[in-house]
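The next block is final.csv, given as CSV, C-alpha atoms.
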```csv
chain,number,residue,atom,x,y,z
A,1,MET,CA,64.3,54.4,96.7
A,2,LEU,CA,61.4,51.9,96.3
A,3,LEU,CA,62.8,48.5,95.4
A,4,ASN,CA,61.6,46.5,92.4
A,5,TYR,CA,61.3,42.8,91.7
A,6,THR,CA,65.0,42.4,90.5
A,7,GLN,CA,66.4,44.4,93.4
A,8,ILE,CA,64.3,42.5,96.0
A,9,LYS,CA,65.2,39.2,94.5
A,10,GLU,CA,68.9,40.1,94.6
A,11,LEU,CA,68.8,41.0,98.3
A,12,LEU,CA,66.9,37.8,99.1
A,13,ASN,CA,69.5,35.7,97.2
A,14,ILE,CA,72.4,37.2,99.1
A,15,ASN,CA,70.5,36.9,102.4
A,16,SER,CA,70.5,40.6,103.1
A,17,ILE,CA,66.8,40.3,103.4
A,18,LYS,CA,65.5,37.2,105.2
A,19,ILE,CA,61.9,36.0,105.1
A,20,GLU,CA,61.0,32.5,106.4
A,21,PRO,CA,59.1,30.7,105.2
A,22,PHE,CA,59.2,32.2,101.7
A,23,ASP,CA,57.8,31.0,98.4
A,24,GLU,CA,59.3,33.3,95.7
A,25,GLU,CA,56.8,32.2,93.0
A,26,LEU,CA,53.7,32.9,95.2
A,27,GLN,CA,54.9,35.9,97.2
A,28,LEU,CA,57.4,38.0,95.2
A,29,GLN,CA,55.5,40.6,93.2
A,30,SER,CA,56.7,43.3,90.8
A,31,SER,CA,57.5,45.8,93.6
A,32,SER,CA,56.3,44.0,96.8
A,33,ILE,CA,56.3,40.9,98.9
A,34,ASP,CA,53.0,39.2,100.0
A,35,LEU,CA,52.7,38.2,103.6
A,36,ARG,CA,50.4,35.4,104.9
A,37,THR,CA,48.5,34.8,108.1
A,38,SER,CA,49.9,32.4,110.6
A,39,ASP,CA,47.6,30.2,112.6
A,40,ARG,CA,47.9,32.4,115.7
A,41,PHE,CA,45.5,35.2,116.6
A,42,PHE,CA,44.4,37.2,119.6
A,43,LYS,CA,41.0,38.6,120.5
A,44,VAL,CA,38.8,39.8,123.4
A,45,PRO,CA,37.0,36.8,124.8
A,46,VAL,CA,33.2,36.8,124.2
A,47,GLU,CA,32.5,36.2,127.9
A,48,ILE,CA,34.4,39.3,129.0
A,49,ASN,CA,32.9,41.7,126.4
A,50,PRO,CA,29.7,42.5,128.4
A,51,GLN,CA,31.8,43.3,131.5
A,52,ILE,CA,33.8,46.0,129.8
A,53,GLN,CA,32.4,49.5,130.0
A,54,VAL,CA,35.6,51.4,129.2
A,55,ILE,CA,39.0,50.2,128.2
A,56,ASP,CA,41.6,52.1,130.2
A,57,PRO,CA,45.2,51.8,129.0
A,58,LYS,CA,46.5,52.5,132.5
A,59,ASN,CA,44.5,49.5,133.9
A,60,PRO,CA,46.2,46.1,133.9
A,61,TYR,CA,42.8,44.6,133.0
A,62,LEU,CA,43.5,45.9,129.5
A,63,ASN,CA,45.7,42.8,129.0
A,64,ILE,CA,42.6,40.6,128.3
A,65,LEU,CA,43.3,39.3,124.9
A,66,GLU,CA,43.2,35.6,124.5
A,67,LYS,CA,45.5,33.6,122.1
A,68,ASP,CA,43.7,31.2,119.9
A,69,TYR,CA,44.4,29.2,116.7
A,70,ILE,CA,42.9,29.2,113.2
A,71,SER,CA,41.7,25.7,112.2
A,72,ASP,CA,41.7,24.4,108.7
A,73,ASN,CA,38.2,25.7,108.4
A,74,GLY,CA,39.3,29.2,109.2
A,75,ILE,CA,37.8,31.7,111.6
A,76,ILE,CA,34.9,34.2,111.2
A,77,LEU,CA,35.7,37.8,111.7
A,78,GLU,CA,32.3,39.3,112.6
A,79,PRO,CA,31.1,42.8,111.6
A,80,LYS,CA,32.8,45.5,113.7
A,81,GLU,CA,35.1,42.8,115.3
A,82,PHE,CA,38.8,43.4,115.9
A,83,ILE,CA,41.5,40.8,116.2
A,84,LEU,CA,45.3,40.7,116.2
A,85,ILE,CA,46.9,38.2,113.9
A,86,GLU,CA,50.5,37.3,113.4
A,87,THR,CA,52.2,36.9,110.0
A,88,LEU,CA,53.4,33.5,109.1
A,89,GLU,CA,56.7,35.0,107.9
A,90,PHE,CA,59.6,35.9,110.1
A,91,ILE,CA,61.2,39.0,108.6
A,92,SER,CA,64.8,40.3,109.0
A,93,MET,CA,65.7,43.5,107.3
A,94,PRO,CA,69.1,45.2,107.1
A,95,GLU,CA,69.7,48.6,108.8
A,96,ASN,CA,69.3,50.4,105.4
A,97,ILE,CA,65.9,49.0,104.5
A,98,ALA,CA,62.4,50.0,105.9
A,99,PHE,CA,59.1,48.9,104.5
A,100,PHE,CA,55.5,50.0,104.1
A,101,ILE,CA,52.8,47.4,104.9
A,102,GLN,CA,49.4,47.6,103.2
A,103,PRO,CA,46.4,45.2,103.1
A,104,LYS,CA,45.7,43.1,100.0
A,105,TYR,CA,43.1,45.0,97.9
A,106,ARG,CA,40.8,41.9,97.6
A,107,LEU,CA,40.4,42.0,101.4
A,108,VAL,CA,39.8,45.7,101.5
A,109,LYS,CA,36.9,45.2,99.1
A,110,LEU,CA,35.4,42.9,101.7
A,111,GLY,CA,35.7,45.5,104.4
A,112,ILE,CA,38.8,44.1,106.1
A,113,GLN,CA,41.2,46.8,107.3
A,114,ILE,CA,44.7,46.5,108.7
A,115,THR,CA,44.5,49.4,111.2
A,116,ASN,CA,48.2,49.4,111.9
A,117,SER,CA,49.4,49.5,108.3
A,118,GLY,CA,52.1,51.9,107.5
A,119,TRP,CA,55.9,52.2,107.9
A,120,ILE,CA,58.0,49.6,109.6
A,121,GLU,CA,61.4,50.9,110.8
A,122,TYR,CA,64.8,50.2,109.3
A,123,GLY,CA,66.4,46.9,110.5
A,124,PHE,CA,63.1,45.3,111.6
A,125,GLU,CA,63.3,41.7,112.7
A,126,GLY,CA,60.4,39.4,113.7
A,127,ASN,CA,56.9,38.4,112.9
A,128,LEU,CA,54.5,41.3,112.3
A,129,THR,CA,51.3,41.5,114.4
A,130,LEU,CA,48.5,42.9,112.3
A,131,CYS,CA,45.4,44.6,113.7
A,132,LEU,CA,42.5,43.4,111.6
A,133,PHE,CA,39.1,45.1,111.7
A,134,ASN,CA,35.9,44.1,109.8
A,135,SER,CA,34.3,47.3,108.8
A,136,SER,CA,31.6,45.6,106.7
A,137,LYS,CA,28.2,44.5,107.8
A,138,TYR,CA,29.0,40.9,106.8
A,139,PRO,CA,31.1,38.2,108.5
A,140,VAL,CA,34.3,37.5,106.7
A,141,LYS,CA,36.3,34.2,106.9
A,142,ILE,CA,40.0,34.4,107.6
A,143,PHE,CA,42.2,31.3,106.9
A,144,LYS,CA,45.7,30.5,107.9
A,145,GLU,CA,48.3,31.0,105.3
A,146,MET,CA,46.1,33.4,103.3
A,147,ASN,CA,47.7,36.4,101.6
A,148,ILE,CA,46.7,39.2,103.9
A,149,ALA,CA,49.1,42.1,103.2
A,150,HIS,CA,52.0,43.1,101.1
A,151,ILE,CA,55.2,45.0,101.9
A,152,PHE,CA,56.9,47.6,99.8
A,153,LEU,CA,60.7,47.9,100.5
A,154,ILE,CA,62.5,51.3,100.7
A,155,LYS,CA,66.3,51.5,100.6
A,156,ASN,CA,68.1,54.3,102.4
A,157,LEU,CA,70.8,55.5,100.0
```
Translate this structure into C-alpha cells?
Amino acid sequence: MLLNYTQIKELLNINSIKIEPFDEELQLQSSSIDLRTSDRFFKVPVEINPQIQVIDPKNPYLNILEKDYISDNGIILEPKEFILIETLEFISMPENIAFFIQPKYRLVKLGIQITNSGWIEYGFEGNLTLCLFNSSKYPVKIFKEMNIAHIFLIKNL
C-alpha cells in the first residue's frame, strides 16, 4: 500500500519512520518525502581520466573516486559527467516499509538522471548515495541542500 500524507505524518510523529534532518513544511508532500543533497560528493579525479582506458570491476584501481565538498556556490556537473552524492537526510525505516526513490522532475527536465533510482529495501537505515548523471549537452549547477529526489513509501500489510 502506497502511503499518503496523513499516514506518513503519523508514522513520523510516532518515530516509526525517522528522517534527520527533516523539515515537514518543506519536505512532506501529498504522497512523498523530498530528499536534499548533502555537501559530500564523489567523482573520478580529472587528472586520472586520461589514464583510464577500461574500468575493470575486478581491478582494485577501480576505487579511484575522490571525496569532495560542495561550496556555497555549488558545483558544476558537466555534460556526460557522473558523480555520487549523498543525501543530507539520514533515514531509518521499520521492517514493514520500503520505498521507491525518484528524481525531482524539475531536474529531469534539465537532463539530470539518478541512475540508481528504484526500490530501497524494507528496514533501510542510513544516508542514500545517489548516482547523478548529466545527460544534457549543458553544464548544470548542483547545490548543497537542494531538493534532488523524492521517496514514495510502501507499507507491507
In the coordinates of the file, take the point (35.2, 39.7, 111.3) and a cut-off of 12 Å; then, counting all atoms listed in the file, name each qualifying protein, DNA or RNA residue as a VMD selection string.
-> chain A and resid 43 74 to 84 107 110 to 114 131 to 143
Please build the interface table for range 97-139 of chain A against range 4-26 of chain A with a cut-off of 12 Å, listing for each qualifying residue the nearest atom pair and the distance in Å to one decimal; count all atoms listed in the file, order rows by chain and increasing number, and write it as JSON lines.
```
{"residue": "A:Ile97", "atom": "CA", "partner": "A:Ile17", "partner_atom": "CA", "distance": 8.8}
{"residue": "A:Ala98", "atom": "CA", "partner": "A:Ile17", "partner_atom": "CA", "distance": 10.9}
{"residue": "A:Phe99", "atom": "CA", "partner": "A:Ile17", "partner_atom": "CA", "distance": 11.6}
{"residue": "A:Tyr122", "atom": "CA", "partner": "A:Ile17", "partner_atom": "CA", "distance": 11.7}
{"residue": "A:Gly123", "atom": "CA", "partner": "A:Ile17", "partner_atom": "CA", "distance": 9.7}
{"residue": "A:Phe124", "atom": "CA", "partner": "A:Ile17", "partner_atom": "CA", "distance": 10.3}
{"residue": "A:Glu125", "atom": "CA", "partner": "A:Lys18", "partner_atom": "CA", "distance": 9.0}
{"residue": "A:Gly126", "atom": "CA", "partner": "A:Ile19", "partner_atom": "CA", "distance": 9.4}
{"residue": "A:Asn127", "atom": "CA", "partner": "A:Ile19", "partner_atom": "CA", "distance": 9.6}
{"residue": "A:Leu128", "atom": "CA", "partner": "A:Ile19", "partner_atom": "CA", "distance": 11.6}
```
Å distance separating CA of Ser32 in chain A from CA of His150 in chain A, one decimal place | 6.1 Å
Selection: 12 Å around Met146 in chain A, all atoms listed in the file, excl. self and same-chain fewer than 6 positions, as a ChimeraX atom specification | /A:26-27,34-39,70,72,74-75,85-89,103-104,106-107
What separation in Å, quoted to one decimal, exists between CA of Glu145 in chain A and CA of Trp119 in chain A?
-> 22.7 Å
Out of A:Asn96, A:Phe41, A:Ala149, A:Tyr105, which residue has the shortest atom-to-atom distance to Met1 in chain A when counting all atoms listed in the file?
->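 Checking each candidate against Met1 in chain A, we get A:Asn96 as the closest.
Between CA of Ser92 in chain A and CA of Leu65 in chain A the interatomic distance comes to 26.8 Å.
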Mind checking which residues fall within 8 Å of Phe152 in chain A, counting all atoms listed in the file, ignoring those fewer than 2 positions away in the same chain, and posting them as a VMD selection string?
-> chain A and resid 2 to 3 31 to 33 99 to 101 150 154
